[in-house]
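**Student:** Coordinates in data.cif, mmCIF, C-alpha atoms, are listed below.
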```
data_protein
#
loop_
_atom_site.group_PDB
_atom_site.id
_atom_site.type_symbol
_atom_site.label_atom_id
_atom_site.label_comp_id
_atom_site.auth_asym_id
_atom_site.auth_seq_id
_atom_site.Cartn_x
_atom_site.Cartn_y
_atom_site.Cartn_z
ATOM 1 C CA MET A 470 31.118 94.867 15.286
ATOM 2 C CA ASN A 471 31.727 92.954 12.035
ATOM 3 C CA ASN A 472 30.882 89.695 13.797
ATOM 4 C CA LEU A 473 27.475 90.891 15.032
ATOM 5 C CA HIS A 474 24.403 90.006 13.033
ATOM 6 C CA ALA A 475 20.737 90.710 13.745
ATOM 7 C CA HIS A 476 18.704 87.549 14.169
ATOM 8 C CA ALA A 477 15.314 87.331 12.467
ATOM 9 C CA PHE A 478 12.866 86.397 15.218
ATOM 10 C CA ASN A 479 9.529 84.712 14.564
ATOM 11 C CA VAL A 480 7.508 87.119 16.730
ATOM 12 C CA SER A 481 7.588 90.708 15.470
ATOM 13 C CA ARG A 482 6.980 94.011 17.198
ATOM 14 C CA GLN A 483 3.701 94.241 15.286
ATOM 15 C CA ASP A 484 2.692 90.805 16.600
ATOM 16 C CA ARG A 485 3.318 91.959 20.159
ATOM 17 C CA GLU A 486 1.397 95.184 19.597
ATOM 18 C CA ARG A 487 -1.570 93.235 18.200
ATOM 19 C CA LEU A 488 -1.535 90.994 21.263
ATOM 20 C CA ASN A 489 -1.315 94.006 23.608
ATOM 21 C CA GLY A 490 -3.970 95.975 21.732
ATOM 22 C CA HIS A 491 -1.773 99.074 21.468
ATOM 23 C CA GLN A 492 1.425 100.310 19.887
ATOM 24 C CA GLY A 493 4.671 100.334 21.827
ATOM 25 C CA GLN A 494 5.697 103.904 22.640
ATOM 26 C CA VAL A 495 8.452 105.836 24.378
ATOM 27 C CA ILE A 496 7.185 108.790 26.402
ATOM 28 C CA TRP A 497 10.324 110.736 27.352
ATOM 29 C CA PHE A 498 9.895 113.202 30.235
ATOM 30 C CA THR A 499 12.689 115.787 30.485
ATOM 31 C CA GLY A 500 13.101 118.766 32.791
ATOM 32 C CA LEU A 501 14.940 120.020 35.830
ATOM 33 C CA SER A 502 15.071 118.093 39.077
ATOM 34 C CA GLY A 503 11.895 118.943 40.966
ATOM 35 C CA SER A 504 9.961 119.946 37.849
ATOM 36 C CA GLY A 505 7.471 117.088 38.280
ATOM 37 C CA LYS A 506 8.711 114.461 35.813
ATOM 38 C CA SER A 507 8.339 111.466 38.115
ATOM 39 C CA THR A 508 5.009 112.697 39.471
ATOM 40 C CA LEU A 509 3.601 113.019 35.936
ATOM 41 C CA ALA A 510 5.136 109.710 34.830
ATOM 42 C CA ASN A 511 3.564 107.918 37.784
ATOM 43 C CA ALA A 512 0.147 109.495 37.187
ATOM 44 C CA LEU A 513 0.299 108.724 33.447
ATOM 45 C CA GLU A 514 1.223 105.105 34.098
ATOM 46 C CA ALA A 515 -1.643 104.733 36.579
ATOM 47 C CA ALA A 516 -4.097 106.146 34.026
ATOM 48 C CA LEU A 517 -2.810 103.888 31.236
ATOM 49 C CA PHE A 518 -2.704 100.838 33.494
ATOM 50 C CA GLY A 519 -6.305 101.600 34.445
ATOM 51 C CA GLN A 520 -7.148 101.406 30.734
ATOM 52 C CA GLY A 521 -5.551 97.968 30.486
ATOM 53 C CA LYS A 522 -2.382 99.193 28.729
ATOM 54 C CA HIS A 523 0.972 97.483 29.184
ATOM 55 C CA THR A 524 3.370 100.053 30.661
ATOM 56 C CA PHE A 525 6.664 100.465 32.463
ATOM 57 C CA ILE A 526 8.442 103.464 34.017
ATOM 58 C CA LEU A 527 12.195 103.945 33.719
ATOM 59 C CA ASP A 528 13.123 106.523 36.357
ATOM 60 C CA GLY A 529 16.530 108.132 36.818
ATOM 61 C CA ASP A 530 17.114 107.128 40.418
ATOM 62 C CA HIS A 531 16.020 103.529 39.876
ATOM 63 C CA VAL A 532 18.161 103.051 36.776
ATOM 64 C CA ARG A 533 21.222 104.571 38.475
ATOM 65 C CA GLN A 534 20.828 102.145 41.380
ATOM 66 C CA GLY A 535 21.102 99.175 39.006
ATOM 67 C CA LEU A 536 21.879 99.247 35.301
ATOM 68 C CA ASN A 537 23.852 102.485 35.454
ATOM 69 C CA ARG A 538 25.339 102.303 38.946
ATOM 70 C CA ASP A 539 28.822 102.370 37.387
ATOM 71 C CA LEU A 540 28.268 105.893 36.021
ATOM 72 C CA GLY A 541 28.983 109.216 37.695
ATOM 73 C CA PHE A 542 27.692 112.661 36.791
ATOM 74 C CA SER A 543 30.346 113.974 34.420
ATOM 75 C CA GLU A 544 29.048 115.118 31.046
ATOM 76 C CA ALA A 545 30.350 111.898 29.443
ATOM 77 C CA ASP A 546 28.709 109.722 32.102
ATOM 78 C CA ARG A 547 25.430 111.603 31.780
ATOM 79 C CA ALA A 548 25.499 111.045 28.022
ATOM 80 C CA GLU A 549 26.177 107.319 28.530
ATOM 81 C CA ASN A 550 23.369 107.132 31.109
ATOM 82 C CA ILE A 551 20.892 108.498 28.571
ATOM 83 C CA ARG A 552 22.266 106.319 25.750
ATOM 84 C CA ARG A 553 21.717 103.174 27.818
ATOM 85 C CA VAL A 554 18.252 104.259 28.925
ATOM 86 C CA ALA A 555 17.283 105.096 25.337
ATOM 87 C CA GLU A 556 18.401 101.655 24.154
ATOM 88 C CA VAL A 557 16.452 99.911 26.933
ATOM 89 C CA ALA A 558 13.375 102.068 26.239
ATOM 90 C CA ARG A 559 13.492 101.154 22.541
ATOM 91 C CA LEU A 560 13.779 97.460 23.347
ATOM 92 C CA MET A 561 10.841 97.689 25.733
ATOM 93 C CA ALA A 562 8.780 99.595 23.141
ATOM 94 C CA ASP A 563 9.672 96.866 20.631
ATOM 95 C CA ALA A 564 8.206 94.437 23.185
ATOM 96 C CA GLY A 565 4.948 96.378 22.833
ATOM 97 C CA LEU A 566 5.111 98.330 26.077
ATOM 98 C CA ILE A 567 4.344 101.992 26.587
ATOM 99 C CA VAL A 568 7.632 103.004 28.186
ATOM 100 C CA ILE A 569 7.604 106.139 30.278
ATOM 101 C CA THR A 570 10.999 107.631 31.104
ATOM 102 C CA ALA A 571 11.645 110.321 33.711
ATOM 103 C CA PHE A 572 15.173 111.709 33.335
ATOM 104 C CA ILE A 573 16.590 115.206 33.523
ATOM 105 C CA SER A 574 18.365 114.361 30.246
ATOM 106 C CA PRO A 575 19.825 117.871 30.061
ATOM 107 C CA PHE A 576 21.378 117.776 26.599
ATOM 108 C CA ARG A 577 19.472 118.083 23.312
ATOM 109 C CA ARG A 578 21.829 115.768 21.425
ATOM 110 C CA GLU A 579 21.115 112.861 23.794
ATOM 111 C CA ARG A 580 17.354 113.424 23.652
ATOM 112 C CA GLU A 581 17.552 113.529 19.851
ATOM 113 C CA MET A 582 19.582 110.301 19.869
ATOM 114 C CA ALA A 583 16.831 108.701 21.987
ATOM 115 C CA ARG A 584 14.191 109.911 19.503
ATOM 116 C CA GLN A 585 16.099 108.483 16.548
ATOM 117 C CA LEU A 586 16.014 104.984 18.061
ATOM 118 C CA ALA A 587 12.194 104.921 17.740
ATOM 119 C CA PRO A 588 11.276 108.037 15.740
ATOM 120 C CA ASP A 589 7.700 107.004 14.915
ATOM 121 C CA ARG A 590 7.009 105.913 18.517
ATOM 122 C CA PHE A 591 8.635 108.710 20.553
ATOM 123 C CA CYS A 592 7.084 111.595 22.456
ATOM 124 C CA GLU A 593 9.334 114.191 24.079
ATOM 125 C CA VAL A 594 7.574 115.817 27.028
ATOM 126 C CA TYR A 595 9.198 118.939 28.415
ATOM 127 C CA VAL A 596 8.167 119.288 32.045
ATOM 128 C CA ASP A 597 8.661 123.018 32.437
ATOM 129 C CA ALA A 598 8.954 124.641 35.846
ATOM 130 C CA PRO A 599 10.989 127.692 36.845
ATOM 131 C CA LEU A 600 14.258 126.916 38.605
ATOM 132 C CA ALA A 601 13.103 128.871 41.676
ATOM 133 C CA LEU A 602 10.028 126.632 41.988
ATOM 134 C CA CYS A 603 12.104 123.472 41.485
ATOM 135 C CA GLU A 604 14.405 124.646 44.267
ATOM 136 C CA THR A 605 11.481 125.164 46.652
ATOM 137 C CA ARG A 606 10.190 121.667 45.843
ATOM 138 C CA ASP A 607 13.696 120.111 46.064
ATOM 139 C CA PRO A 608 12.340 116.644 46.946
ATOM 140 C CA LYS A 609 15.821 115.128 47.282
ATOM 141 C CA GLY A 610 17.644 118.095 48.816
ATOM 142 C CA LEU A 611 19.912 118.314 45.772
ATOM 143 C CA TYR A 612 19.612 122.058 45.159
ATOM 144 C CA LYS A 613 20.464 122.791 48.775
ATOM 145 C CA LYS A 614 23.567 120.593 48.476
ATOM 146 C CA ALA A 615 24.527 122.183 45.145
ATOM 147 C CA ARG A 616 24.140 125.718 46.502
ATOM 148 C CA SER A 617 26.326 124.835 49.506
ATOM 149 C CA GLY A 618 29.030 123.277 47.293
ATOM 150 C CA GLN A 619 28.429 119.718 48.516
ATOM 151 C CA LEU A 620 27.135 118.572 45.110
ATOM 152 C CA LEU A 621 28.924 119.416 41.872
ATOM 153 C CA ASN A 622 27.567 119.374 38.304
ATOM 154 C CA MET A 623 23.953 119.935 39.404
ATOM 155 C CA THR A 624 21.820 120.620 36.347
ATOM 156 C CA GLY A 625 20.436 124.147 36.497
ATOM 157 C CA ILE A 626 23.119 125.297 38.948
ATOM 158 C CA GLN A 627 26.662 124.369 37.820
ATOM 159 C CA SER A 628 25.675 122.386 34.727
ATOM 160 C CA PRO A 629 23.389 123.605 31.923
ATOM 161 C CA TYR A 630 19.957 122.335 30.970
ATOM 162 C CA GLU A 631 19.207 122.730 27.262
ATOM 163 C CA ILE A 632 15.501 123.448 26.882
ATOM 164 C CA PRO A 633 13.901 121.318 24.139
ATOM 165 C CA GLU A 634 13.461 123.250 20.913
ATOM 166 C CA ASN A 635 10.473 121.307 19.560
ATOM 167 C CA PRO A 636 9.025 119.033 22.242
ATOM 168 C CA ASP A 637 5.896 117.096 21.347
ATOM 169 C CA ILE A 638 4.215 118.248 24.568
ATOM 170 C CA VAL A 639 5.000 120.918 27.164
ATOM 171 C CA VAL A 640 3.544 120.579 30.650
ATOM 172 C CA ARG A 641 4.024 123.714 32.767
ATOM 173 C CA THR A 642 3.789 122.394 36.272
ATOM 174 C CA ASP A 643 3.732 125.886 37.764
ATOM 175 C CA ARG A 644 0.448 126.525 35.902
ATOM 176 C CA GLN A 645 -1.039 123.137 35.104
ATOM 177 C CA SER A 646 -2.209 120.380 37.404
ATOM 178 C CA VAL A 647 -0.990 116.803 37.187
ATOM 179 C CA GLU A 648 -4.466 115.876 35.897
ATOM 180 C CA GLU A 649 -4.221 118.443 33.082
ATOM 181 C CA GLY A 650 -0.798 117.126 32.100
ATOM 182 C CA VAL A 651 -2.013 113.529 32.066
ATOM 183 C CA ARG A 652 -5.028 114.509 29.973
ATOM 184 C CA MET A 653 -2.744 116.156 27.377
ATOM 185 C CA LEU A 654 -0.575 113.033 27.258
ATOM 186 C CA LEU A 655 -3.535 110.665 26.904
ATOM 187 C CA GLU A 656 -4.895 112.797 24.059
ATOM 188 C CA TRP A 657 -1.507 112.621 22.325
ATOM 189 C CA LEU A 658 -1.431 108.832 22.664
ATOM 190 C CA VAL A 659 -4.966 108.493 21.279
ATOM 191 C CA SER A 660 -3.970 110.615 18.271
ATOM 192 C CA ARG A 661 -1.217 108.103 17.466
#
```
Using structure tokens, write down the structure that the file contains.
**Tutor:**
Amino acid sequence: MNNLHAHAFNVSRQDRERLNGHQGQVIWFTGLSGSGKSTLANALEAALFGQGKHTFILDGDHVRQGLNRDLGFSEADRAENIRRVAEVARLMADAGLIVITAFISPFRREREMARQLAPDRFCEVYVDAPLALCETRDPKGLYKKARSGQLLNMTGIQSPYEIPENPDIVVRTDRQSVEEGVRMLLEWLVSR
């Protein structure tokens, strides 16, 4: 690490944000599998894109098929998965994008680490849904596999999910529509 030095680039984050017409942000969706993270992320991106904003979604399944395909689902691998995603999200926010992440990210310490990379440009969104509802949604069949013993370390079943203590926004998908959640998120972004 002693031989690494940050290079001073001619184009700054502020320059990119001026060009884009908005600040780079990291919108970090967290919650159980099946809670609605990807659905909300997709709807938020569509709304922002419709407003002419520069956006990108980092989704758990997509990232694990590429950048993080070398990682498993042990606690250490999950932590490394989130560390890598947080670093990429910060870089993309520095490029002036509104980066929307959709990851279970079950541990508070990793979510806090992600926040610390861009503390003034980070929004933690807890997508809250009861486990029973997530299991009925089960879009990937993961809960069924976990309950039958075919899938180990499933968050909410064999592995814990640490509920955020002070999220910036809570969307309760058992009580709120996707449109209500997106409206709350857009209002938060406008207030920034």
**Student:** Exactly which residues make up the result of the PyMOL selection byres ((chain A and resi 493-496) around 10) on this file, given as a PyMOL selection string?
**Tutor:** chain A and resi 482-483+485-486+489-492+497-499+510+513+522-526+555+558-571+583-584+586-594+637+654+658+661
**Student:** Between atom CA of A:Lys506 and atom CA of A:Leu536, measure the distance and give it in Å to one decimal.
**Tutor:**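 Between these atoms lies a distance of 20.1 Å.
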**Student:** Running the PyMOL selection byres ((chain A and resi 632) around 10) on this model by hand, what would come out? Give it as a VMD selection string.
**Tutor:** chain A and resid 499 to 501 575 to 577 595 to 597 629 to 631 633 to 636
**Student:** Quick one: distance from atom CA of A:Lys609 to atom CA of A:Leu621 in Å, one decimal?
**Tutor:**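 Separation of atom CA of A:Lys609 and atom CA of A:Leu621: 14.8 Å.
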**Student:** Can you report as JSON the centre and edge lengths in Å, to one decimal, of an axis-aligned box around the listed atoms of stretch 611-614 of chain A padded with 3 Å on each side?
**Tutor:**
```
{"center_x": 21.6, "center_y": 120.6, "center_z": 47.0, "size_x": 10.0, "size_y": 10.5, "size_z": 9.6}
```
**Student:** What is the distance, in Å and to one decimal place, between atom CA of A:Ile626 and atom CA of A:Gly505?
**Tutor:**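 The value is 17.7 Å.
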**Student:** Have a look at A:Asp484, A:Glu544, A:Glu579, A:Asp643 and name the one nearest to A:Glu556; count all atoms listed in the file.
**Tutor:**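 Using all atoms listed in the file, the shortest distance to A:Glu556 belongs to A:Glu579.
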**Student:** Name the residues captured by the PyMOL selection byres ((chain A and resi 600) around 10) when it is applied to the shown file; answer as a list of chain:residue names.
**Tutor:** A:Leu501, A:Ser502, A:Gly503, A:Ser504, A:Asp597, A:Ala598, A:Pro599, A:Ala601, A:Leu602, A:Cys603, A:Glu604, A:Thr605, A:Arg606, A:Tyr612, A:Gly625, A:Ile626
**Student:** Can you work out which one of A:Leu540, A:Glu549, A:Asn511, A:Arg641 has the shortest atom-to-atom distance to A:Asp528, counting only C-alpha atoms?
**Tutor:**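 Under the stated criterion, the closest residue is A:Asn511.
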**Student:** Choose the residue, out of A:His531, A:Lys613, A:Thr624, A:Ser660, that has the smallest atom-to-atom separation from A:Ser574; count all atoms listed in the file.
**Tutor:**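 Checking each candidate against A:Ser574, we get A:Thr624 as the closest.
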**Student:** Output requested as a PDB file, in the frame of the given file - stretch 471-504 of chain A, filled out with N, CA and C atoms.
**Tutor:**
```
ATOM      1  N   ASN A 471      31.918  93.706  13.273  1.00  0.00           N
ATOM      2  CA  ASN A 471      31.727  92.954  12.035  1.00  0.00           C
ATOM      3  C   ASN A 471      31.187  91.556  12.285  1.00  0.00           C
ATOM      4  N   ASN A 472      31.344  91.047  13.487  1.00  0.00           N
ATOM      5  CA  ASN A 472      30.882  89.695  13.797  1.00  0.00           C
ATOM      6  C   ASN A 472      29.482  89.670  14.397  1.00  0.00           C
ATOM      7  N   LEU A 473      28.832  90.814  14.480  1.00  0.00           N
ATOM      8  CA  LEU A 473      27.475  90.891  15.032  1.00  0.00           C
ATOM      9  C   LEU A 473      26.460  90.894  13.906  1.00  0.00           C
ATOM     10  N   HIS A 474      25.441  90.091  14.062  1.00  0.00           N
ATOM     11  CA  HIS A 474      24.403  90.006  13.033  1.00  0.00           C
ATOM     12  C   HIS A 474      23.037  89.955  13.709  1.00  0.00           C
ATOM     13  N   ALA A 475      22.090  90.709  13.192  1.00  0.00           N
ATOM     14  CA  ALA A 475      20.737  90.710  13.745  1.00  0.00           C
ATOM     15  C   ALA A 475      20.054  89.391  13.396  1.00  0.00           C
ATOM     16  N   HIS A 476      19.430  88.800  14.366  1.00  0.00           N
ATOM     17  CA  HIS A 476      18.704  87.549  14.169  1.00  0.00           C
ATOM     18  C   HIS A 476      17.260  87.877  13.795  1.00  0.00           C
ATOM     19  N   ALA A 477      16.720  87.153  12.857  1.00  0.00           N
ATOM     20  CA  ALA A 477      15.314  87.331  12.467  1.00  0.00           C
ATOM     21  C   ALA A 477      14.455  86.469  13.388  1.00  0.00           C
ATOM     22  N   PHE A 478      13.712  87.119  14.271  1.00  0.00           N
ATOM     23  CA  PHE A 478      12.866  86.397  15.218  1.00  0.00           C
ATOM     24  C   PHE A 478      11.490  86.137  14.622  1.00  0.00           C
ATOM     25  N   ASN A 479      10.840  85.091  15.085  1.00  0.00           N
ATOM     26  CA  ASN A 479       9.529  84.712  14.564  1.00  0.00           C
ATOM     27  C   ASN A 479       8.411  85.648  15.012  1.00  0.00           C
ATOM     28  N   VAL A 480       8.533  86.216  16.203  1.00  0.00           N
ATOM     29  CA  VAL A 480       7.508  87.119  16.730  1.00  0.00           C
ATOM     30  C   VAL A 480       7.987  88.553  16.512  1.00  0.00           C
ATOM     31  N   SER A 481       7.198  89.337  15.806  1.00  0.00           N
ATOM     32  CA  SER A 481       7.588  90.708  15.470  1.00  0.00           C
ATOM     33  C   SER A 481       7.022  91.710  16.474  1.00  0.00           C
ATOM     34  N   ARG A 482       7.522  92.913  16.379  1.00  0.00           N
ATOM     35  CA  ARG A 482       6.980  94.011  17.198  1.00  0.00           C
ATOM     36  C   ARG A 482       5.496  94.175  16.921  1.00  0.00           C
ATOM     37  N   GLN A 483       5.111  94.095  15.661  1.00  0.00           N
ATOM     38  CA  GLN A 483       3.701  94.241  15.286  1.00  0.00           C
ATOM     39  C   GLN A 483       2.850  93.119  15.892  1.00  0.00           C
ATOM     40  N   ASP A 484       3.402  91.912  15.958  1.00  0.00           N
ATOM     41  CA  ASP A 484       2.692  90.805  16.600  1.00  0.00           C
ATOM     42  C   ASP A 484       2.439  91.119  18.075  1.00  0.00           C
ATOM     43  N   ARG A 485       3.455  91.627  18.742  1.00  0.00           N
ATOM     44  CA  ARG A 485       3.318  91.959  20.159  1.00  0.00           C
ATOM     45  C   ARG A 485       2.298  93.077  20.356  1.00  0.00           C
ATOM     46  N   GLU A 486       2.344  94.066  19.486  1.00  0.00           N
ATOM     47  CA  GLU A 486       1.397  95.184  19.597  1.00  0.00           C
ATOM     48  C   GLU A 486      -0.039  94.711  19.365  1.00  0.00           C
ATOM     49  N   ARG A 487      -0.223  93.799  18.416  1.00  0.00           N
ATOM     50  CA  ARG A 487      -1.570  93.235  18.200  1.00  0.00           C
ATOM     51  C   ARG A 487      -2.058  92.513  19.449  1.00  0.00           C
ATOM     52  N   LEU A 488      -1.181  91.716  20.046  1.00  0.00           N
ATOM     53  CA  LEU A 488      -1.535  90.994  21.263  1.00  0.00           C
ATOM     54  C   LEU A 488      -1.877  91.961  22.399  1.00  0.00           C
ATOM     55  N   ASN A 489      -1.091  93.025  22.547  1.00  0.00           N
ATOM     56  CA  ASN A 489      -1.315  94.006  23.608  1.00  0.00           C
ATOM     57  C   ASN A 489      -2.523  94.902  23.344  1.00  0.00           C
ATOM     58  N   GLY A 490      -2.866  95.080  22.077  1.00  0.00           N
ATOM     59  CA  GLY A 490      -3.970  95.975  21.732  1.00  0.00           C
ATOM     60  C   GLY A 490      -3.566  97.434  21.660  1.00  0.00           C
ATOM     61  N   HIS A 491      -2.267  97.699  21.621  1.00  0.00           N
ATOM     62  CA  HIS A 491      -1.773  99.074  21.468  1.00  0.00           C
ATOM     63  C   HIS A 491      -0.335  99.043  20.970  1.00  0.00           C
ATOM     64  N   GLN A 492       0.072 100.171  20.409  1.00  0.00           N
ATOM     65  CA  GLN A 492       1.425 100.310  19.887  1.00  0.00           C
ATOM     66  C   GLN A 492       2.410 100.550  21.024  1.00  0.00           C
ATOM     67  N   GLY A 493       3.599 100.005  20.894  1.00  0.00           N
ATOM     68  CA  GLY A 493       4.671 100.334  21.827  1.00  0.00           C
ATOM     69  C   GLY A 493       5.076 101.785  21.618  1.00  0.00           C
ATOM     70  N   GLN A 494       5.351 102.483  22.696  1.00  0.00           N
ATOM     71  CA  GLN A 494       5.697 103.904  22.640  1.00  0.00           C
ATOM     72  C   GLN A 494       6.810 104.197  23.639  1.00  0.00           C
ATOM     73  N   VAL A 495       7.517 105.289  23.408  1.00  0.00           N
ATOM     74  CA  VAL A 495       8.452 105.836  24.378  1.00  0.00           C
ATOM     75  C   VAL A 495       7.983 107.252  24.693  1.00  0.00           C
ATOM     76  N   ILE A 496       7.575 107.454  25.937  1.00  0.00           N
ATOM     77  CA  ILE A 496       7.185 108.790  26.402  1.00  0.00           C
ATOM     78  C   ILE A 496       8.344 109.290  27.251  1.00  0.00           C
ATOM     79  N   TRP A 497       9.064 110.293  26.752  1.00  0.00           N
ATOM     80  CA  TRP A 497      10.324 110.736  27.352  1.00  0.00           C
ATOM     81  C   TRP A 497      10.109 112.064  28.085  1.00  0.00           C
ATOM     82  N   PHE A 498      10.018 111.995  29.423  1.00  0.00           N
ATOM     83  CA  PHE A 498       9.895 113.202  30.235  1.00  0.00           C
ATOM     84  C   PHE A 498      11.281 113.779  30.482  1.00  0.00           C
ATOM     85  N   THR A 499      11.440 115.082  30.237  1.00  0.00           N
ATOM     86  CA  THR A 499      12.689 115.787  30.485  1.00  0.00           C
ATOM     87  C   THR A 499      12.370 117.096  31.192  1.00  0.00           C
ATOM     88  N   GLY A 500      13.269 117.509  32.054  1.00  0.00           N
ATOM     89  CA  GLY A 500      13.101 118.766  32.791  1.00  0.00           C
ATOM     90  C   GLY A 500      14.020 118.755  33.998  1.00  0.00           C
ATOM     91  N   LEU A 501      14.081 119.889  34.655  1.00  0.00           N
ATOM     92  CA  LEU A 501      14.940 120.020  35.830  1.00  0.00           C
ATOM     93  C   LEU A 501      14.495 119.094  36.957  1.00  0.00           C
ATOM     94  N   SER A 502      15.413 118.815  37.858  1.00  0.00           N
ATOM     95  CA  SER A 502      15.071 118.093  39.077  1.00  0.00           C
ATOM     96  C   SER A 502      14.016 118.905  39.828  1.00  0.00           C
ATOM     97  N   GLY A 503      12.960 118.245  40.250  1.00  0.00           N
ATOM     98  CA  GLY A 503      11.895 118.943  40.966  1.00  0.00           C
ATOM     99  C   GLY A 503      10.827 119.544  40.076  1.00  0.00           C
ATOM    100  N   SER A 504      10.952 119.367  38.761  1.00  0.00           N
ATOM    101  CA  SER A 504       9.961 119.946  37.849  1.00  0.00           C
ATOM    102  C   SER A 504       8.644 119.174  37.861  1.00  0.00           C
TER     103      SER A 504
END
```
